[in-house]
Structures are given as structure tokens and as C-alpha cells.
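A short write-up of the structure that comes next.
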Amino acid sequence: MENPTHLPILYSFRRCPYAMRARMGLYRAGIRVELREVKLTAMPAALLALVPRQPRVPVLQLGDGEVIAQSWEILLWALRRNDPDGWLGEPASDLERAGQWIEINDFSFKTALDHYKYASRFPAHPPEHYRREGEVFLRQLEAQLRASPYLLGPRLTVADVGIFPFIRQFAHVDRGWFERAPYPRLRQWLNNLLDDPLFRAVMEKYPVWRPGQEAVLFGAAQDN
Ligand SMILES: N[C@@H](CCC(=O)N[C@@H](CS)C(=O)NCC(=O)O)C(=O)O
């Protein structure tokens with residue numbers, strides 16, 4: 001497999017919330033990777049060879065050939081190597097609680113989000129119907145954020161990092177509605193995360209990767 005830099009390779013799609021989650025973790029951990037931006041409708045052969053059955057992004061290919069094809073696993077893998085801000089939390093139970101939030105997010109909420117975002121493809125109901133389905137999760141988040149500034153307590157953890165890209169998408173479907181909706185804590189939480197320079201760093205734009213092109217290096221440690 002062509003890999004001139006010998007760095008881990010991250011196949012990514014800038015606007016994918018799963019890929020944002022993975023990029024956040026890699027960036028915070030200071031792990032330098034070769035970033036290969038893909039087009040979802042024309043995934044490169046190199047990626048298809050790694051995950052032929054369910055080609056999705058993000059996918060991280062490590063130097064020893066190991067492939068991590070789930071965003072949550074990439075986030076945890078990165079932070080287990082280096083977690084300068086304690087995103088993994090303190091007690092082991094934090095990770096279990098984080099996993100529970102992620103599970104709701106990645107399954108029931110993500111389904112509602114996709115239906116709301118692409119409501120014209122799901123004409124059985126108007127968009128508001130799907131939005132109400134998504135609001136079940138928004139209400140849970142709002143209640144938690146009334147009790148603590150972040151989802152697991154006083155500090156930012158992987159639970160927040162893993163979920164906010166999806167709330168960002170939900171908010172973007174109808175910003176006017178989201179601004180007026182009864183979720184002030186959630187709005188504040190989202191805005192804080194979006195304003196973080198780290199998020200801006202991981203949202204930099206890169207051209208779609210072509211085999212043979214010069215490697216795009218991604219990560220905080222580029223000049224060391
Ligand atoms: N469970 C996966 C989901 C990743 C995923 O669904 N990524 C979307 C982009 S946001 C994708 O690659 N879709 C392409 C497709 O389904 O063909 C993860 O956590 O990484």
C-alpha cells in the first residue's frame with residue numbers, strides 16, 4: 001500500500017460528524033497523520049481495499065496495518081496514547097457513561113437527524129415530525145447540561161466531543177428554529193465547542209485525495 005510518509009493514514013470527509021469526532025481526538029492527542037479527504041460518492045480504491053464490506057469514513061490505517069474503522073474507536077485510540085486535557089475522564093465509569101450517550105447519539109438520534117435533514121427523501125412525514133423525534137435527545141442533553149456544564153460533569157470529555165458535531169448538524173437544518181428552541185444550555189454548550197480553536201483547526205479544507213499526490217499532513221505536531 002502506497003504510504004510515503006509512514007504515518008497513520010486517516011480517510012476523512014470534512015463535513016462528516018463521525019470524521020469530525022475522530023479528527024478532534026487525533027488533533028488533541030497531537031498525533032500526526034496523513035489526511036486523505038474522500039468524496040463519499042467516489043471512495044478511493046485504497047480505502048475500499050481496507051473496508052470492502054462497509055466503506056465509510058473515518059477510517060484510520062496504522063503503520064502496522066491495523067485498521068480502525070469506527071470513529072469512536074479512533075477517538076479513544078488517540079486519547080489512550082496521549083490525553084493532555086483528560087478527555088477520557090477520571091474514573092473508569094466515565095467512559096461507560098460516555099459510551100451510553102454515544103450509543104443513543106449514533107443510533108436513535110442519528111436516524112432522526114438524517115430524516116430531519118433529508119426530509120424530502122422521507123415523505124411519509126413532514127420535517128417537523130422528524131425534528132420532534134430528534135428533540136427527544138435534545139431534551140436529555142438539555143437536562144444534563146442544566147445539571148453540569150458538560151455531559152459528564154464539570155469538564156469536557158469524549159462524550160461532548162463525540163456528540164457535538166451531530167448537534168451542530170441538527171442545528172444547521174433550521175438555524176432560526178434552533179435559536180428559538182427551548183434548549184439554552186445546549187445552544188451555549190454547542191457554541192462554546194464551535195468557537196474552540198481546536199474545532200476550527202479540524203475543519204480546515206483539503207482537496208479530495210488522489211493517489212500519488214503529495215501527502216497532506218494533519219495534526220498539531222507538524223513541525224517537530
Ligand atoms: N459507525 C461509523 C459511521 C460512519 C459513517 O456513517 N460515515 C458516513 C459519512 S458521515 C459515511 O461514510 N457514509 C458513506 C456511506 O454510507 O456510503 C463510525 O462511527 O465511524
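Chains: A, B, ... in order of the C-alpha cells. Residues: from 1 per chain. Ligands: from 1, in order shown.
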
_Show me which residues are within 6 Å of ligand 1 counting only C-alpha atoms and all ligand atoms, and format the list as a PyMOL selection string._
chain A and resi 16-18+40+56-58+69-72

Write the residues of the preceding selection, restricted to N, CA, C and O atoms, as a short mmCIF file (atom, residue, chain, number, x, y, z; two decimals), in the first residue's frame.
data_model
loop_
_atom_site.label_atom_id
_atom_site.label_comp_id
_atom_site.auth_asym_id
_atom_site.auth_seq_id
_atom_site.Cartn_x
_atom_site.Cartn_y
_atom_site.Cartn_z
N CYS A 16 -18.37 15.27 7.64
CA CYS A 16 -18.95 14.11 8.33
C CYS A 16 -18.77 14.24 9.84
O CYS A 16 -17.64 14.40 10.32
N PRO A 17 -19.86 14.17 10.59
CA PRO A 17 -19.72 14.35 12.05
C PRO A 17 -18.92 13.24 12.71
O PRO A 17 -18.25 13.47 13.72
N TYR A 18 -18.96 12.04 12.15
CA TYR A 18 -18.13 10.97 12.71
C TYR A 18 -16.65 11.30 12.49
O TYR A 18 -15.81 11.07 13.36
N LEU A 40 -17.57 11.00 -0.78
CA LEU A 40 -18.34 9.84 -0.34
C LEU A 40 -18.90 9.04 -1.51
O LEU A 40 -19.05 7.82 -1.42
N ARG A 56 -16.91 3.30 4.72
CA ARG A 56 -17.38 4.52 5.36
C ARG A 56 -16.17 5.27 5.88
O ARG A 56 -15.11 4.67 6.04
N VAL A 57 -16.37 6.53 6.16
CA VAL A 57 -15.32 7.29 6.83
C VAL A 57 -15.85 7.71 8.20
O VAL A 57 -17.06 7.82 8.38
N PRO A 58 -14.95 7.90 9.16
CA PRO A 58 -13.49 7.86 9.05
C PRO A 58 -12.95 6.44 9.15
O PRO A 58 -13.58 5.57 9.76
N ALA A 69 -11.96 1.31 12.01
CA ALA A 69 -12.99 1.78 11.09
C ALA A 69 -14.23 2.32 11.80
O ALA A 69 -15.28 2.42 11.20
N GLN A 70 -14.08 2.68 13.08
CA GLN A 70 -15.20 3.30 13.82
C GLN A 70 -14.68 4.58 14.47
O GLN A 70 -13.65 4.56 15.15
N SER A 71 -15.44 5.65 14.28
CA SER A 71 -14.97 6.96 14.75
C SER A 71 -14.74 6.99 16.27
O SER A 71 -13.77 7.59 16.75
N TRP A 72 -15.63 6.35 17.00
CA TRP A 72 -15.49 6.35 18.47
C TRP A 72 -14.19 5.65 18.87
O TRP A 72 -13.47 6.08 19.77
#

*Could you tell me, as an MDAnalysis selection string, which residues of region 94-215 of chain A DSSP assigns to helix (DSSP H, G or I) when given the backbone?*
chainID A and resid 94:117 119:121 127:147 158:173 175:180 184:195 197:202

*asked:* Residues near region 126-131 of chain A, anyone? I mean within 6 Å using only C-alpha atoms, not counting same-chain ones fewer than 4 positions away, as a ChimeraX atom specification.
replied: /A:112,115-116,119

Saved selection, atoms kept: C-alpha atoms, as a PDB file, in the first residue's frame:
ATOM      1  CA  ALA A 112     -33.858  11.200  13.420  1.00  0.00           C
ATOM      2  CA  HIS A 115     -34.666  12.023   8.420  1.00  0.00           C
ATOM      3  CA  TYR A 116     -34.949  15.657   9.505  1.00  0.00           C
ATOM      4  CA  ALA A 119     -36.889  15.106   4.980  1.00  0.00           C
TER       5      ALA A 119
END

*Between CA of Arg155 (chain A) and CA of Ala22 (chain A), distance in Å (one decimal)*: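 One can read the CA of Arg155 (chain A) to CA of Ala22 (chain A) distance as 19.4 Å.
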
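The shortest atom-to-atom distance to Ala201 (chain A), with only C-alpha atoms taken into account, belongs to A:Leu26 out of A:Leu26, A:Leu141, A:Leu10, A:Ile102.
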
*Using only C-alpha atoms, find the one residue out of A:Pro8, A:Gly176, A:Gly30, A:Gly153 that sits nearest to Arg80 (chain A).*
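Using only C-alpha atoms, Arg80 (chain A) sits closest to A:Gly30.
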
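Residues within 10 Å of His6 (chain A), counting only C-alpha atoms and excluding same-chain residues fewer than 3 positions away, are Glu2, Asn3, Ile9, Val33, Glu34, Leu62, Gly63 and Asp64 of chain A.
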
Would you mind exporting N, CA and C atoms of the selected residues as a short mmCIF file (atom, residue, chain, number, x, y, z; two decimals), in the first residue's frame?
data_model
loop_
_atom_site.label_atom_id
_atom_site.label_comp_id
_atom_site.auth_asym_id
_atom_site.auth_seq_id
_atom_site.Cartn_x
_atom_site.Cartn_y
_atom_site.Cartn_z
N GLU A 2 0.55 2.12 -0.88
CA GLU A 2 1.34 3.34 -1.01
C GLU A 2 1.22 4.20 0.26
N ASN A 3 2.34 4.46 0.91
CA ASN A 3 2.30 5.29 2.12
C ASN A 3 3.66 5.94 2.32
N ILE A 9 -2.70 6.74 8.40
CA ILE A 9 -3.47 7.42 7.34
C ILE A 9 -4.92 7.53 7.80
N VAL A 33 -1.04 12.61 11.36
CA VAL A 33 -1.48 11.59 10.40
C VAL A 33 -1.41 12.17 8.99
N GLU A 34 -1.42 11.27 8.03
CA GLU A 34 -1.65 11.72 6.65
C GLU A 34 -3.15 11.75 6.45
N LEU A 62 -3.22 2.20 10.55
CA LEU A 62 -1.98 2.40 11.32
C LEU A 62 -0.79 1.83 10.55
N GLY A 63 0.39 2.22 11.01
CA GLY A 63 1.62 1.82 10.33
C GLY A 63 1.79 0.31 10.27
N ASP A 64 1.28 -0.41 11.29
CA ASP A 64 1.45 -1.87 11.30
C ASP A 64 0.34 -2.56 10.51
#

_Need to verify the contact set: region 89-95 of chain A, 10 Å, only C-alpha atoms, exclusion of same-chain residues closer than 2 positions in sequence. Can you return it as a PyMOL selection string?_
chain A and resi 76+83+85-87+97-101+152-153+155-159

Would you output that residue set with N, CA and C atoms, as a PDB file, in the first residue's frame?
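Below is the file selection_29.pdb, written as the result:
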ATOM      1  N   LEU A  76     -10.958   7.180  20.900  1.00  0.00           N
ATOM      2  CA  LEU A  76     -10.394   6.562  22.112  1.00  0.00           C
ATOM      3  C   LEU A  76      -8.948   6.119  21.884  1.00  0.00           C
ATOM      4  N   ASP A  83      -3.496  12.092  26.227  1.00  0.00           N
ATOM      5  CA  ASP A  83      -4.763  12.739  26.606  1.00  0.00           C
ATOM      6  C   ASP A  83      -4.455  13.969  27.477  1.00  0.00           C
ATOM      7  N   ASP A  85      -5.697  16.841  27.981  1.00  0.00           N
ATOM      8  CA  ASP A  85      -6.754  17.574  28.677  1.00  0.00           C
ATOM      9  C   ASP A  85      -7.704  16.660  29.443  1.00  0.00           C
ATOM     10  N   GLY A  86      -7.324  15.400  29.589  1.00  0.00           N
ATOM     11  CA  GLY A  86      -8.160  14.497  30.379  1.00  0.00           C
ATOM     12  C   GLY A  86      -9.522  14.248  29.770  1.00  0.00           C
ATOM     13  N   TRP A  87      -9.597  14.165  28.464  1.00  0.00           N
ATOM     14  CA  TRP A  87     -10.894  13.947  27.808  1.00  0.00           C
ATOM     15  C   TRP A  87     -11.475  12.563  28.114  1.00  0.00           C
ATOM     16  N   ARG A  97     -20.262   5.765  30.931  1.00  0.00           N
ATOM     17  CA  ARG A  97     -21.351   6.743  30.757  1.00  0.00           C
ATOM     18  C   ARG A  97     -21.243   7.426  29.396  1.00  0.00           C
ATOM     19  N   ALA A  98     -20.024   7.734  29.015  1.00  0.00           N
ATOM     20  CA  ALA A  98     -19.832   8.365  27.696  1.00  0.00           C
ATOM     21  C   ALA A  98     -20.350   7.430  26.604  1.00  0.00           C
ATOM     22  N   GLY A  99     -20.020   6.146  26.743  1.00  0.00           N
ATOM     23  CA  GLY A  99     -20.450   5.167  25.744  1.00  0.00           C
ATOM     24  C   GLY A  99     -21.971   5.102  25.632  1.00  0.00           C
ATOM     25  N   GLN A 100     -22.638   5.291  26.763  1.00  0.00           N
ATOM     26  CA  GLN A 100     -24.111   5.256  26.726  1.00  0.00           C
ATOM     27  C   GLN A 100     -24.669   6.452  25.946  1.00  0.00           C
ATOM     28  N   TRP A 101     -24.081   7.622  26.182  1.00  0.00           N
ATOM     29  CA  TRP A 101     -24.516   8.807  25.417  1.00  0.00           C
ATOM     30  C   TRP A 101     -24.257   8.602  23.927  1.00  0.00           C
ATOM     31  N   LEU A 152     -20.601  14.911  31.178  1.00  0.00           N
ATOM     32  CA  LEU A 152     -20.259  14.011  32.283  1.00  0.00           C
ATOM     33  C   LEU A 152     -19.922  14.755  33.558  1.00  0.00           C
ATOM     34  N   GLY A 153     -20.015  16.061  33.556  1.00  0.00           N
ATOM     35  CA  GLY A 153     -19.683  16.787  34.785  1.00  0.00           C
ATOM     36  C   GLY A 153     -19.064  18.136  34.496  1.00  0.00           C
ATOM     37  N   ARG A 155     -16.122  19.005  33.471  1.00  0.00           N
ATOM     38  CA  ARG A 155     -15.101  19.165  32.430  1.00  0.00           C
ATOM     39  C   ARG A 155     -15.496  18.499  31.127  1.00  0.00           C
ATOM     40  N   LEU A 156     -14.932  19.064  30.070  1.00  0.00           N
ATOM     41  CA  LEU A 156     -15.156  18.492  28.739  1.00  0.00           C
ATOM     42  C   LEU A 156     -14.582  17.073  28.663  1.00  0.00           C
ATOM     43  N   THR A 157     -15.340  16.172  28.094  1.00  0.00           N
ATOM     44  CA  THR A 157     -14.833  14.801  27.914  1.00  0.00           C
ATOM     45  C   THR A 157     -15.198  14.294  26.509  1.00  0.00           C
ATOM     46  N   VAL A 158     -14.817  13.055  26.284  1.00  0.00           N
ATOM     47  CA  VAL A 158     -15.132  12.426  24.994  1.00  0.00           C
ATOM     48  C   VAL A 158     -16.629  12.397  24.698  1.00  0.00           C
ATOM     49  N   ALA A 159     -17.446  12.427  25.727  1.00  0.00           N
ATOM     50  CA  ALA A 159     -18.896  12.425  25.474  1.00  0.00           C
ATOM     51  C   ALA A 159     -19.290  13.694  24.708  1.00  0.00           C
TER      52      ALA A 159
END
